[in-house]
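Undergrad: The following file, target.cif, comprises mmCIF, C-alpha atoms and all ligand atoms:
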data_work
loop_
_atom_site.label_atom_id
_atom_site.label_comp_id
_atom_site.auth_asym_id
_atom_site.auth_seq_id
_atom_site.Cartn_x
_atom_site.Cartn_y
_atom_site.Cartn_z
CA MET A 1 78.89 102.97 73.39
CA SER A 2 80.82 99.85 72.45
CA ALA A 3 80.28 96.36 73.83
CA THR A 4 83.34 96.49 76.11
CA ARG A 5 81.34 98.17 78.89
CA LEU A 6 82.34 97.11 82.40
CA PRO A 7 80.22 94.42 84.01
CA ALA A 8 77.65 95.74 86.47
CA GLN A 9 78.99 96.02 90.00
CA ASP A 10 76.76 93.13 91.11
CA ALA A 11 77.79 90.88 88.20
CA PRO A 12 79.06 87.38 89.18
CA ALA A 13 82.64 87.26 90.45
CA PRO A 14 85.16 86.97 87.60
CA ARG A 15 87.58 84.07 87.14
CA ALA A 16 90.90 84.58 88.92
CA LEU A 17 93.79 85.55 86.65
CA ASP A 18 96.18 82.88 85.49
CA PRO A 19 99.45 84.81 85.22
CA GLU A 20 101.37 81.77 84.04
CA ARG A 21 99.09 81.54 80.99
CA LEU A 22 99.05 85.31 80.42
CA ARG A 23 102.84 85.47 80.28
CA ALA A 24 102.76 83.86 76.86
CA ASP A 25 101.14 87.09 75.59
CA PHE A 26 104.07 89.29 76.73
CA PRO A 27 107.14 88.71 74.55
CA ALA A 28 109.50 91.01 76.46
CA LEU A 29 109.13 88.93 79.62
CA HIS A 30 110.87 85.99 78.01
CA ARG A 31 114.36 87.42 77.72
CA ARG A 32 117.15 86.41 80.06
CA VAL A 33 118.99 89.00 82.11
CA HIS A 34 122.59 88.38 83.22
CA GLY A 35 121.98 84.66 82.67
CA HIS A 36 118.83 84.61 84.83
CA PRO A 37 115.16 84.44 83.94
CA TYR A 38 113.70 87.96 83.82
CA THR A 39 111.69 88.89 86.90
CA TYR A 40 109.97 92.14 86.01
CA LEU A 41 108.74 93.97 89.09
CA ASP A 42 108.58 97.56 87.82
CA SER A 43 105.16 97.80 86.19
CA ALA A 44 104.29 100.91 88.20
CA ALA A 45 106.97 102.66 86.12
CA THR A 46 105.72 101.14 82.88
CA SER A 47 103.97 97.88 82.14
CA GLN A 48 104.83 95.24 79.58
CA ARG A 49 102.76 95.10 76.37
CA PRO A 50 100.84 92.09 75.11
CA ARG A 51 101.09 90.88 71.53
CA SER A 52 97.63 92.24 70.71
CA VAL A 53 98.80 95.80 71.49
CA ILE A 54 102.04 95.39 69.56
CA ARG A 55 100.05 93.94 66.64
CA ALA A 56 97.54 96.80 66.66
CA VAL A 57 100.34 99.40 66.47
CA ASP A 58 102.22 97.40 63.85
CA ALA A 59 99.09 96.91 61.73
CA TYR A 60 98.33 100.63 61.75
CA TYR A 61 101.77 101.42 60.31
CA ARG A 62 101.87 98.49 57.90
CA ARG A 63 98.35 98.64 56.54
CA THR A 64 96.54 101.85 57.40
CA ASN A 65 99.07 104.63 57.92
CA ALA A 66 97.05 107.75 57.19
CA ASN A 67 96.20 110.88 59.13
CA ILE A 68 92.82 111.14 60.85
CA HIS A 69 89.83 113.47 60.57
CA ARG A 70 90.82 114.88 57.18
CA GLY A 71 91.14 112.44 54.27
CA VAL A 72 88.19 110.96 52.41
CA TYR A 73 90.14 108.06 50.96
CA ALA A 74 89.79 104.55 52.37
CA ALA A 75 92.95 104.43 54.50
CA ALA A 76 92.22 107.82 56.07
CA GLU A 77 88.68 106.79 56.98
CA GLU A 78 90.02 103.53 58.38
CA ALA A 79 92.56 105.42 60.52
CA THR A 80 89.83 107.70 61.88
CA ALA A 81 87.60 104.74 62.66
CA LEU A 82 90.39 102.93 64.52
CA TYR A 83 91.39 106.04 66.49
CA GLU A 84 87.81 106.91 67.41
CA GLY A 85 86.98 103.26 68.06
CA ALA A 86 89.71 103.21 70.69
CA ARG A 87 88.05 106.23 72.31
CA ASP A 88 84.78 104.29 72.46
CA ARG A 89 86.54 101.47 74.31
CA ILE A 90 88.06 103.88 76.80
CA ALA A 91 84.68 105.58 77.33
CA ALA A 92 83.11 102.18 77.99
CA LEU A 93 85.90 101.28 80.40
CA LEU A 94 85.26 104.46 82.39
CA ASP A 95 81.48 104.36 81.89
CA VAL A 96 81.45 107.92 80.54
CA ASP A 97 80.44 109.70 77.36
CA ARG A 98 83.00 109.53 74.54
CA SER A 99 82.95 113.33 74.13
CA GLU A 100 84.53 113.59 77.59
CA VAL A 101 87.51 111.37 76.75
CA ILE A 102 90.46 113.51 75.67
CA TYR A 103 93.63 111.93 74.38
CA THR A 104 96.81 113.36 75.90
CA ARG A 105 100.43 112.21 75.87
CA ASN A 106 100.24 110.90 79.42
CA ALA A 107 98.85 111.60 82.89
CA THR A 108 101.30 114.47 83.30
CA GLU A 109 99.93 116.29 80.28
CA GLY A 110 96.34 115.74 81.38
CA LEU A 111 97.03 117.26 84.79
CA ASN A 112 98.85 120.22 83.27
CA LEU A 113 95.96 120.71 80.85
CA VAL A 114 93.56 121.09 83.77
CA ALA A 115 95.95 123.35 85.70
CA TYR A 116 96.13 125.72 82.73
CA ALA A 117 92.78 125.52 80.98
CA TYR A 118 90.65 125.24 84.13
CA GLY A 119 92.99 126.59 86.81
CA GLU A 120 93.82 129.92 85.18
CA GLY A 121 90.16 130.90 85.03
CA HIS A 122 89.12 129.64 88.45
CA VAL A 123 91.97 130.23 90.87
CA GLY A 124 92.73 133.78 91.99
CA PRO A 125 94.87 135.58 94.60
CA ASN A 126 92.76 134.73 97.65
CA ASP A 127 92.16 131.16 96.61
CA ALA A 128 93.93 127.89 97.30
CA VAL A 129 94.65 124.54 95.68
CA LEU A 130 94.72 121.51 97.97
CA VAL A 131 97.08 118.61 97.26
CA THR A 132 98.38 115.76 99.42
CA GLU A 133 101.80 114.98 100.80
CA SER A 134 101.99 111.75 98.79
CA GLU A 135 101.51 113.17 95.29
CA HIS A 136 103.69 112.24 92.35
CA HIS A 137 105.48 115.35 91.08
CA SER A 138 103.12 115.27 88.09
CA ASN A 139 100.23 116.07 90.38
CA LEU A 140 102.14 118.57 92.50
CA LEU A 141 104.20 120.79 90.22
CA PRO A 142 101.34 121.87 87.91
CA TRP A 143 99.52 123.14 91.03
CA GLN A 144 102.62 124.74 92.53
CA ARG A 145 103.11 126.61 89.27
CA LEU A 146 99.44 127.57 89.01
CA CYS A 147 99.55 128.99 92.55
CA GLU A 148 102.72 130.94 91.72
CA ARG A 149 101.16 132.40 88.56
CA ARG A 150 97.86 133.28 90.23
CA GLY A 151 99.22 134.37 93.62
CA ALA A 152 97.22 131.58 95.28
CA ARG A 153 98.11 129.33 98.22
CA LEU A 154 99.02 125.66 98.03
CA GLU A 155 97.47 123.72 100.91
CA VAL A 156 98.63 120.21 101.75
CA LEU A 157 96.86 117.26 103.35
CA PRO A 158 99.41 115.25 105.37
CA VAL A 159 99.71 111.47 105.38
CA THR A 160 99.95 109.26 108.45
CA ASP A 161 102.74 106.76 109.10
CA ARG A 162 100.53 104.10 107.48
CA GLY A 163 100.45 106.25 104.36
CA GLU A 164 96.78 107.13 104.71
CA LEU A 165 95.53 110.66 104.24
CA ASP A 166 95.06 112.51 107.51
CA LEU A 167 91.60 113.96 106.93
CA SER A 168 91.13 115.49 110.39
CA GLU A 169 91.61 119.04 109.04
CA LEU A 170 89.98 118.48 105.66
CA ASP A 171 86.85 120.57 106.18
CA ALA A 172 88.79 123.34 107.90
CA VAL A 173 91.28 123.54 105.04
CA LEU A 174 88.55 123.39 102.39
CA ALA A 175 86.88 126.36 104.04
CA ARG A 176 89.98 128.47 103.40
CA GLY A 177 89.15 129.26 99.77
CA VAL A 178 90.11 125.94 98.17
CA ARG A 179 89.00 125.94 94.52
CA ILE A 180 90.70 122.74 93.36
CA VAL A 181 91.50 119.52 95.21
CA ALA A 182 94.11 117.43 93.37
CA LEU A 183 94.84 113.96 94.71
CA SER A 184 96.00 110.59 93.54
CA HIS A 185 93.62 107.67 93.59
CA VAL A 186 96.41 105.18 94.37
CA SER A 187 99.87 106.23 95.59
CA ASN A 188 102.70 105.11 93.31
CA VAL A 189 104.94 104.65 96.36
CA LEU A 190 102.72 103.30 99.11
CA GLY A 191 100.01 101.51 97.14
CA VAL A 192 97.40 103.16 99.36
CA GLU A 193 94.01 103.71 97.77
CA ASN A 194 92.84 107.15 98.84
CA PRO A 195 89.18 107.74 99.81
CA VAL A 196 88.51 109.87 96.74
CA ALA A 197 84.71 109.64 96.96
CA TYR A 198 84.72 110.94 100.53
CA VAL A 199 87.15 113.77 99.77
CA ALA A 200 85.15 114.68 96.65
CA GLU A 201 81.93 114.88 98.60
CA ARG A 202 83.49 117.27 101.13
CA ALA A 203 85.23 119.24 98.39
CA HIS A 204 82.03 119.72 96.42
CA ARG A 205 80.22 120.94 99.50
CA ALA A 206 82.96 123.54 99.86
CA GLY A 207 82.61 124.54 96.20
CA ALA A 208 85.86 123.00 94.94
CA VAL A 209 86.39 120.74 91.94
CA VAL A 210 88.28 117.46 92.27
CA VAL A 211 91.12 116.40 89.99
CA VAL A 212 92.10 112.75 90.32
CA ASP A 213 95.49 111.39 89.30
CA ALA A 214 94.46 107.87 88.36
CA ALA A 215 97.80 106.81 86.83
CA GLN A 216 98.11 103.93 89.31
CA SER A 217 94.45 103.01 89.66
CA VAL A 218 92.98 102.72 86.16
CA PRO A 219 95.48 99.94 85.30
CA HIS A 220 94.53 97.96 88.39
CA MET A 221 90.83 98.29 89.19
CA PRO A 222 87.49 99.27 87.72
CA VAL A 223 87.42 103.08 87.87
CA ARG A 224 84.24 105.02 87.20
CA PRO A 225 85.11 108.72 87.47
CA ARG A 226 81.52 109.85 88.01
CA ALA A 227 80.91 107.32 90.77
CA LEU A 228 84.15 108.50 92.40
CA GLY A 229 82.90 112.07 92.38
CA ALA A 230 85.79 113.25 90.21
CA ASP A 231 85.48 116.32 88.02
CA PHE A 232 88.67 115.53 86.08
CA LEU A 233 90.67 112.29 86.01
CA ALA A 234 93.95 111.60 84.23
CA PHE A 235 95.97 108.48 83.46
CA SER A 236 98.64 107.08 81.13
CA GLY A 237 98.38 104.30 78.58
CA HIS A 238 101.86 102.88 79.19
CA LYS A 239 101.08 101.73 82.73
CA MET A 240 98.06 99.73 81.56
CA LEU A 241 99.58 97.55 78.81
CA GLY A 242 99.33 100.30 76.18
CA PRO A 243 102.03 102.20 74.28
CA THR A 244 104.00 105.16 75.59
CA GLY A 245 103.04 108.62 74.35
CA ILE A 246 99.30 108.23 74.89
CA GLY A 247 97.17 109.06 77.91
CA VAL A 248 93.67 110.17 78.75
CA LEU A 249 92.06 113.08 80.49
CA TRP A 250 88.42 112.63 81.39
CA GLY A 251 86.45 115.69 82.46
CA ARG A 252 82.83 116.53 83.15
CA ARG A 253 81.32 117.76 79.94
CA GLU A 254 79.99 121.02 81.33
CA LEU A 255 83.42 121.93 82.73
CA LEU A 256 85.26 121.00 79.53
CA GLU A 257 82.79 122.97 77.44
CA ALA A 258 83.26 126.09 79.54
CA MET A 259 87.08 125.88 79.43
CA PRO A 260 89.26 127.56 76.82
CA PRO A 261 91.55 125.27 74.80
CA PHE A 262 94.96 124.35 76.17
CA LEU A 263 96.95 124.03 72.93
CA THR A 264 95.76 125.60 69.69
CA GLY A 265 96.40 124.67 66.08
CA GLY A 266 95.10 122.18 63.55
CA ASP A 267 92.20 119.82 64.14
CA MET A 268 90.78 121.64 67.18
CA VAL A 269 89.00 124.47 65.39
CA GLY A 270 85.53 125.24 64.11
CA THR A 271 86.26 128.13 61.75
CA VAL A 272 89.38 130.24 61.57
CA HIS A 273 89.70 133.83 60.31
CA LEU A 274 92.86 135.86 60.36
CA ARG A 275 91.96 137.56 63.64
CA ARG A 276 89.59 135.14 65.37
CA ALA A 277 88.62 131.50 65.54
CA THR A 278 86.02 129.17 67.02
CA TRP A 279 86.73 125.80 68.54
CA ALA A 280 85.73 122.28 67.57
CA GLU A 281 83.24 120.29 69.61
CA LEU A 282 84.46 118.08 72.45
CA PRO A 283 86.69 116.17 72.64
CA HIS A 284 88.52 117.61 69.62
CA LYS A 285 88.76 121.09 71.16
CA PHE A 286 91.52 119.70 73.38
CA GLU A 287 93.36 117.64 70.76
CA ALA A 288 95.44 120.10 68.76
CA GLY A 289 97.65 118.86 65.95
CA THR A 290 98.18 115.36 64.61
CA PRO A 291 97.83 113.10 67.63
CA ALA A 292 99.56 109.85 68.58
CA ILE A 293 97.36 107.80 66.25
CA ALA A 294 99.10 104.43 66.45
CA GLU A 295 99.45 104.81 70.20
CA ALA A 296 95.75 105.58 70.69
CA ILE A 297 94.88 102.51 68.64
CA GLY A 298 97.31 100.49 70.76
CA LEU A 299 95.67 101.81 73.92
CA GLY A 300 92.32 100.67 72.56
CA ALA A 301 93.79 97.17 72.19
CA ALA A 302 95.14 97.34 75.77
CA VAL A 303 91.71 98.30 77.08
CA GLU A 304 90.22 95.37 75.17
CA TYR A 305 92.78 93.02 76.74
CA LEU A 306 92.14 94.30 80.28
CA THR A 307 88.39 94.27 79.80
CA ALA A 308 88.53 90.64 78.69
CA LEU A 309 90.45 89.78 81.89
CA ASP A 310 87.88 91.76 83.93
CA LEU A 311 89.28 94.64 85.97
CA ARG A 312 87.81 93.12 89.13
CA ALA A 313 90.02 90.06 88.67
CA VAL A 314 92.98 92.33 87.93
CA ALA A 315 92.29 94.25 91.15
CA GLU A 316 92.18 91.09 93.21
CA HIS A 317 95.42 89.84 91.65
CA SER A 318 97.31 93.14 92.11
CA ARG A 319 96.15 93.47 95.71
CA THR A 320 96.90 89.88 96.71
CA LEU A 321 100.39 89.85 95.20
CA ALA A 322 101.32 93.25 96.63
CA MET A 323 100.13 92.21 100.07
CA HIS A 324 102.14 88.97 99.87
CA ALA A 325 105.20 90.93 98.79
CA ALA A 326 104.83 93.33 101.73
CA GLU A 327 104.38 90.46 104.19
CA ARG A 328 107.38 88.50 102.94
CA LEU A 329 109.68 91.50 102.80
CA ALA A 330 108.63 92.63 106.28
CA GLU A 331 109.60 89.20 107.64
CA LEU A 332 113.20 89.73 106.58
CA PRO A 333 115.59 91.16 109.17
CA ARG A 334 116.48 94.85 108.81
CA VAL A 335 113.84 95.49 106.15
CA THR A 336 111.42 98.41 106.51
CA VAL A 337 108.22 98.32 104.47
CA TYR A 338 106.59 101.73 104.04
CA GLY A 339 102.90 102.58 104.09
CA PRO A 340 100.20 100.09 105.03
CA PRO A 341 101.50 97.55 107.58
CA PRO A 342 101.70 93.89 106.56
CA GLY A 343 98.19 92.46 106.30
CA ALA A 344 96.61 95.79 105.30
CA ALA A 345 95.32 96.28 101.74
CA ARG A 346 97.66 97.81 99.19
CA THR A 347 97.46 98.04 95.44
CA ALA A 348 100.23 96.68 93.24
CA VAL A 349 103.27 98.34 94.86
CA VAL A 350 105.48 97.87 97.89
CA ALA A 351 108.20 100.34 98.81
CA PHE A 352 110.88 99.23 101.22
CA ASN A 353 114.43 99.78 102.40
CA VAL A 354 117.12 97.45 103.67
CA ALA A 355 119.15 98.89 106.53
CA GLY A 356 122.73 99.53 105.49
CA VAL A 357 122.08 99.09 101.75
CA HIS A 358 121.36 102.06 99.54
CA PRO A 359 118.30 101.35 97.38
CA HIS A 360 120.32 101.96 94.22
CA ASP A 361 122.89 99.37 95.30
CA LEU A 362 120.06 97.03 96.17
CA ALA A 363 118.46 97.47 92.73
CA THR A 364 121.82 96.87 91.06
CA ILE A 365 122.41 93.65 92.98
CA LEU A 366 118.88 92.51 92.21
CA ASP A 367 119.43 93.26 88.53
CA GLY A 368 122.43 90.94 88.64
CA GLN A 369 119.93 88.20 89.47
CA GLY A 370 117.47 89.21 86.77
CA VAL A 371 115.12 91.00 89.18
CA ALA A 372 114.04 94.45 87.95
CA ILE A 373 112.83 96.85 90.64
CA ARG A 374 112.93 100.61 90.88
CA ALA A 375 115.02 102.62 93.33
CA GLY A 376 114.99 106.36 93.95
CA HIS A 377 112.55 109.03 95.05
CA HIS A 378 109.80 107.78 92.70
CA CYS A 379 108.99 111.35 91.65
CA ALA A 380 107.60 111.88 95.14
CA GLN A 381 110.35 113.75 96.96
CA PRO A 382 108.03 115.36 99.53
CA LEU A 383 106.89 111.86 100.52
CA MET A 384 110.53 110.77 100.92
CA GLU A 385 110.99 113.79 103.21
CA ARG A 386 107.88 112.77 105.13
CA TYR A 387 109.45 109.36 105.84
CA GLY A 388 112.89 110.86 106.45
CA VAL A 389 114.65 108.99 103.64
CA ALA A 390 116.34 110.08 100.43
CA ALA A 391 115.17 107.08 98.45
CA MET A 392 113.26 103.82 98.60
CA ALA A 393 113.31 100.55 96.70
CA ARG A 394 109.99 99.66 95.08
CA ALA A 395 108.65 96.41 93.66
CA SER A 396 105.43 96.58 91.66
CA VAL A 397 103.32 93.86 90.11
CA TYR A 398 100.83 93.41 87.33
CA VAL A 399 98.74 90.77 85.59
CA TYR A 400 101.72 88.65 84.49
CA ASN A 401 103.42 88.39 87.88
CA ARG A 402 103.26 85.23 89.97
CA ASP A 403 104.16 84.18 93.48
CA GLN A 404 107.34 82.78 92.02
CA ASP A 405 108.42 86.35 91.14
CA LEU A 406 108.02 87.34 94.78
CA GLU A 407 110.10 84.36 95.87
CA ARG A 408 112.85 85.49 93.51
CA LEU A 409 112.58 89.01 94.89
CA VAL A 410 112.92 87.84 98.48
CA ALA A 411 115.82 85.52 97.61
CA ALA A 412 117.58 88.36 95.79
CA VAL A 413 117.11 90.75 98.73
CA ARG A 414 118.59 88.12 101.07
CA ARG A 415 121.52 87.79 98.72
CA ALA A 416 122.04 91.57 98.78
CA GLN A 417 122.04 91.46 102.55
CA ASP A 418 124.74 88.77 102.39
CA VAL A 419 126.77 90.86 99.95
CA PHE A 420 126.63 93.78 102.36
CA GLY A 421 127.69 91.53 105.20
CA GLY A 422 124.43 91.64 107.07
CA ALA A 423 125.09 95.33 107.74
C1 LIG B 1 100.70 108.39 90.61
C2 LIG B 1 101.34 108.85 89.33
N1 LIG B 1 100.95 109.99 88.79
C3 LIG B 1 101.46 110.45 87.65
C4 LIG B 1 102.44 109.77 86.99
C5 LIG B 1 102.99 110.33 85.74
O1 LIG B 1 102.77 109.47 84.69
P1 LIG B 1 103.41 109.82 83.26
O2 LIG B 1 104.88 109.94 83.47
O3 LIG B 1 103.03 108.67 82.41
O4 LIG B 1 102.78 111.10 82.84
C6 LIG B 1 102.91 108.58 87.53
C7 LIG B 1 104.03 107.84 86.87
O5 LIG B 1 104.79 107.16 87.51
C8 LIG B 1 102.35 108.10 88.72
O6 LIG B 1 102.74 106.95 89.27
#
In C-alpha cells, what does this structure look like?
Ligand SMILES: Cc1ncc(COP(=O)(O)O)c(C=O)c1O

TA:
Amino acid sequence: MSATRLPAQDAPAPRALDPERLRADFPALHRRVHGHPYTYLDSAATSQRPRSVIRAVDAYYRRTNANIHRGVYAAAEEATALYEGARDRIAALLDVDRSEVIYTRNATEGLNLVAYAYGEGHVGPNDAVLVTESEHHSNLLPWQRLCERRGARLEVLPVTDRGELDLSELDAVLARGVRIVALSHVSNVLGVENPVAYVAERAHRAGAVVVVDAAQSVPHMPVRPRALGADFLAFSGHKMLGPTGIGVLWGRRELLEAMPPFLTGGDMVGTVHLRRATWAELPHKFEAGTPAIAEAIGLGAAVEYLTALDLRAVAEHSRTLAMHAAERLAELPRVTVYGPPPGAARTAVVAFNVAGVHPHDLATILDGQGVAIRAGHHCAQPLMERYGVAAMARASVYVYNRDQDLERLVAAVRRAQDVFGGA
C-alpha cells in the first residue's frame, strides 16, 4: 500500500486548516458574481477542485493520453501506472485492500451495482431491504426497484425531528427477513452522522449485509469501511475535490468475489469463447470498458491533497463551520433550521427555510449577492415529506470556506427578508 495511509487513530492532533491559505489553490473561487466576491456554499452538491487535481487531469491528456491495461508502449504503461496508483491512494485512504476498490462513475452507480450484482442473488420474495427516511434518492430508488423486481418488501427506519434515526424498532424490523440494510453515513440534508457501526452490528446479527452511502462522509472525515462494519460503501469523487464522472465502490472481498459482474464487455474478462466467458480478478471484474482514466488520476490527486490536510482536521473544520452556520441562521427571526438543533454536532451542511420566502427565491436573491446555495428537495423528497415542506434551502461548506462566508450568508438572508418585506 502507498505511503498516503491515514494516521493512526491515536496520532497527535493535526494542525487546524487555514482556509484563507487554501483558497489560493482553488482557481474557480476567485471569480466575481454579479459584481460581488464569490461565496461558494454548495460543496455538498459538488466541491471545487484544487490546481493539483486540474493539473493531474491536464497532464494526463497533454503528456500521457493512452488507454490502460492493454498497450506495452511507454505511454500506455504510464497511463496504467497512474490509474492504478490512484487506486492505491484510495485504498490507503480507506485502509482497505486495493483489490476491493472498484472505480465507478459516482456513488449512484456504486449503489446500483450492489443492488443488481448482489441484490438479485440475495433478495427473494419473502425478504426485505431496510432503508431510512433520510436517504438520497440514489440510495432509495435502487432498493425500491430491486424490491419490485424480486417481489420483496422495502422497510423504512424513520427519523426523529432532530434528524436522527429512530432505532427503537430496529431489531424488530431486522427480524422480518431483512437481507440488506442501506443507509447513508452522513445525511446530505441534515448533516447528521448516522450510527452506522451500531446499525451494522445489529444487522449482521440478523444476517443482513450493510451498504453505506458515504457520498457526504468520505469528503469530510476519516472513513474506514471495515471499522464501520460496512459490507459495501460508495462515494463520488466530485464531492471530495476530484473530477466528475469518477466514484468508488468498496466491498468486502469475499462478497465481491462471489458476485456476478454488473456490466460486461472489454477489460473485465479472463478468457472469452463464443458461448462462454470467465471474469477477470478483482477489481477489474467490475470495471467493464474503457474507464474514466483522467478522472481516476484526478481523484488520486484529490486524495493526496486531502490526505496532506489530514481528514481529522477537515472533519473538525466542516463540523465547526456547519455548527456556526446553524447557530447564526437559527438566531434570525422567522428562520427554521432543520435537523440537529443549534449546538448539536452536524457535518458540513445546514438546511433551513425562511418563513414567507420560497427557497428558490431565497437562492436567487442570495445569488444576486454572490452567495451560492442550493434550494429544492435535495434528491430527498421523502425527507421533505417527513418535515412537511416541498423544499429547503441548504448551505454547505468545505475546506476553503471561512467564517467570513457565513457572515455573507447571514447578511444575504437578512437582505432577502427585507426584500420580502419581513413577511
Ligand atoms: C448522500 C448522497 N448520496 C448519494 C449522492 C449521489 O451522488 P452522485 O450524484 O455523485 O452519484 C449524493 C449527491 O448529492 C448524496 O449527497

Undergrad: How would you report the residues lying within 8 Å of ligand LIG 1 (chain B), as a ChimeraX atom specification, if you count only C-alpha atoms and all ligand atoms?

TA: /A:44-46,105-109,135-139,184-189,213-216,235-239,244,247,378-379

Undergrad: Could you save the residues just selected, with C-alpha atoms, as an mmCIF file, in the coordinates of the input?

TA:
data_model
loop_
_atom_site.group_PDB
_atom_site.id
_atom_site.type_symbol
_atom_site.label_atom_id
_atom_site.label_comp_id
_atom_site.auth_asym_id
_atom_site.auth_seq_id
_atom_site.Cartn_x
_atom_site.Cartn_y
_atom_site.Cartn_z
ATOM 1 C CA ALA A 44 104.290 100.910 88.200
ATOM 2 C CA ALA A 45 106.970 102.660 86.120
ATOM 3 C CA THR A 46 105.720 101.140 82.880
ATOM 4 C CA ARG A 105 100.430 112.210 75.870
ATOM 5 C CA ASN A 106 100.240 110.900 79.420
ATOM 6 C CA ALA A 107 98.850 111.600 82.890
ATOM 7 C CA THR A 108 101.300 114.470 83.300
ATOM 8 C CA GLU A 109 99.930 116.290 80.280
ATOM 9 C CA GLU A 135 101.510 113.170 95.290
ATOM 10 C CA HIS A 136 103.690 112.240 92.350
ATOM 11 C CA HIS A 137 105.480 115.350 91.080
ATOM 12 C CA SER A 138 103.120 115.270 88.090
ATOM 13 C CA ASN A 139 100.230 116.070 90.380
ATOM 14 C CA SER A 184 96.000 110.590 93.540
ATOM 15 C CA HIS A 185 93.620 107.670 93.590
ATOM 16 C CA VAL A 186 96.410 105.180 94.370
ATOM 17 C CA SER A 187 99.870 106.230 95.590
ATOM 18 C CA ASN A 188 102.700 105.110 93.310
ATOM 19 C CA VAL A 189 104.940 104.650 96.360
ATOM 20 C CA ASP A 213 95.490 111.390 89.300
ATOM 21 C CA ALA A 214 94.460 107.870 88.360
ATOM 22 C CA ALA A 215 97.800 106.810 86.830
ATOM 23 C CA GLN A 216 98.110 103.930 89.310
ATOM 24 C CA PHE A 235 95.970 108.480 83.460
ATOM 25 C CA SER A 236 98.640 107.080 81.130
ATOM 26 C CA GLY A 237 98.380 104.300 78.580
ATOM 27 C CA HIS A 238 101.860 102.880 79.190
ATOM 28 C CA LYS A 239 101.080 101.730 82.730
ATOM 29 C CA THR A 244 104.000 105.160 75.590
ATOM 30 C CA GLY A 247 97.170 109.060 77.910
ATOM 31 C CA HIS A 378 109.800 107.780 92.700
ATOM 32 C CA CYS A 379 108.990 111.350 91.650
#

Undergrad: Could you name the residues that touch region 355-366 of chain A at 6 Å or less, counting only C-alpha atoms, but leaving out those on the same chain fewer than 4 positions away, as a PyMOL selection string?

TA: chain A and resi 334+371+375+392-393+412+423

Undergrad: Residues at most 8 Å from Pro50 (chain A), counting all atoms listed in the file, excluding those fewer than 5 positions away in the same chain, as a list in words?

TA: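 The contact residues come out as Asp25, Phe26, Pro27, Leu241 and Ala302 of chain A.
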
Undergrad: Quick check, in Å to one decimal: how far apart do CA of Arg23 (chain A) and CA of Gly370 (chain A) lie?

TA: 16.4 Å

Undergrad: Can you measure CA of Gly229 (chain A) to CA of Gly177 (chain A) for me? One decimal in Å is fine.

TA: 19.7 Å

Undergrad: Would you mind reading off the distance between CA of Pro225 (chain A) and CA of Pro195 (chain A), one decimal, in Å?

TA: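 We find that CA of Pro225 (chain A) and CA of Pro195 (chain A) lie 13.0 Å from each other.
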
Undergrad: Could you list, as a list in words, every residue within 9 Å of Asp171 (chain A), counting all atoms listed in the file and ignoring same-chain residues fewer than 4 positions away?

TA: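 Final neighbour list, sorted by chain and number: Leu167, Ala175, Arg176, Arg202, Ala203 and Ala206 of chain A.
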
Undergrad: Pick out the closest residue to Val209 (chain A) from this set: A:Thr290, A:Pro125, A:Gly119, A:Leu263. Count all atoms listed in the file.

TA: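 Smallest distance to Val209 (chain A) is found for A:Gly119.
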
Undergrad: Quick one: residues within 10 Å of (96.9, 106.2, 69.3) (file frame), counting only C-alpha atoms, please, as a PyMOL selection string.

TA: chain A and resi 56-57+60+79+82-84+86-87+103-105+237+242-247+291-301

Undergrad: Output C-alpha atoms for every residue in that selection, as a compact mmCIF listing (two decimals), in the coordinates of the input.

TA:
# COMPACT_ATOMS: atom_id res chain seq x y z
CA ALA A 56 97.54 96.80 66.66
CA VAL A 57 100.34 99.40 66.47
CA TYR A 60 98.33 100.63 61.75
CA ALA A 79 92.56 105.42 60.52
CA LEU A 82 90.39 102.93 64.52
CA TYR A 83 91.39 106.04 66.49
CA GLU A 84 87.81 106.91 67.41
CA ALA A 86 89.71 103.21 70.69
CA ARG A 87 88.05 106.23 72.31
CA TYR A 103 93.63 111.93 74.38
CA THR A 104 96.81 113.36 75.90
CA ARG A 105 100.43 112.21 75.87
CA GLY A 237 98.38 104.30 78.58
CA GLY A 242 99.33 100.30 76.18
CA PRO A 243 102.03 102.20 74.28
CA THR A 244 104.00 105.16 75.59
CA GLY A 245 103.04 108.62 74.35
CA ILE A 246 99.30 108.23 74.89
CA GLY A 247 97.17 109.06 77.91
CA PRO A 291 97.83 113.10 67.63
CA ALA A 292 99.56 109.85 68.58
CA ILE A 293 97.36 107.80 66.25
CA ALA A 294 99.10 104.43 66.45
CA GLU A 295 99.45 104.81 70.20
CA ALA A 296 95.75 105.58 70.69
CA ILE A 297 94.88 102.51 68.64
CA GLY A 298 97.31 100.49 70.76
CA LEU A 299 95.67 101.81 73.92
CA GLY A 300 92.32 100.67 72.56
CA ALA A 301 93.79 97.17 72.19

Undergrad: Which of these residues is nearest to Ala91 (chain A), using all atoms listed in the file: A:Val72, A:Val248, A:Ala322, A:Leu306?

TA: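 Counting all atoms listed in the file, the residue closest to Ala91 (chain A) is A:Val248.
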
Undergrad: With distances taken over all atoms listed in the file, which of A:Val303, A:Leu113, A:Val272, A:Asn126 is nearest to Val53 (chain A)?

TA: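 Comparing A:Val303, A:Leu113, A:Val272, A:Asn126 against Val53 (chain A), the winner is A:Val303.
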
Undergrad: Quick one: of A:Leu174, A:Ala75, A:Ala66, A:Ala280, who's nearest to Glu155 (chain A), counting all atoms listed in the file?

TA: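 Among the listed residues, A:Leu174 lies closest to Glu155 (chain A).
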
Undergrad: Point out the residue among A:Val399, A:Val419, A:His284, A:Ala351 with the least atom-to-atom distance to Leu256 (chain A), counting only C-alpha atoms.

TA: A:His284

Undergrad: Under the rule that all atoms listed in the file are counted, which of A:Val178, A:Leu29, A:Met384, A:Leu140 is the nearest residue to Val159 (chain A)?

TA: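 Nearest to Val159 (chain A): A:Met384.
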
Undergrad: Show me the residues close to (100.9, 85.7, 90.8) - anything with an atom within 9 Å, counting all atoms listed in the file - and format the list as number ranges by chain.

TA: A: 17-20, 317-318, 320-321, 397-406

Undergrad: Write out as a tab-separated table (two decimals) with C-alpha atoms, keeping the file's coordinate frame which residues come within 9 Å of Arg15 (chain A) when counting all atoms listed in the file, dropping same-chain ones fewer than 6 positions away.

TA:
chain	number	residue	atom	x	y	z
A	309	LEU	CA	90.45	89.78	81.89
A	310	ASP	CA	87.88	91.76	83.93
A	313	ALA	CA	90.02	90.06	88.67
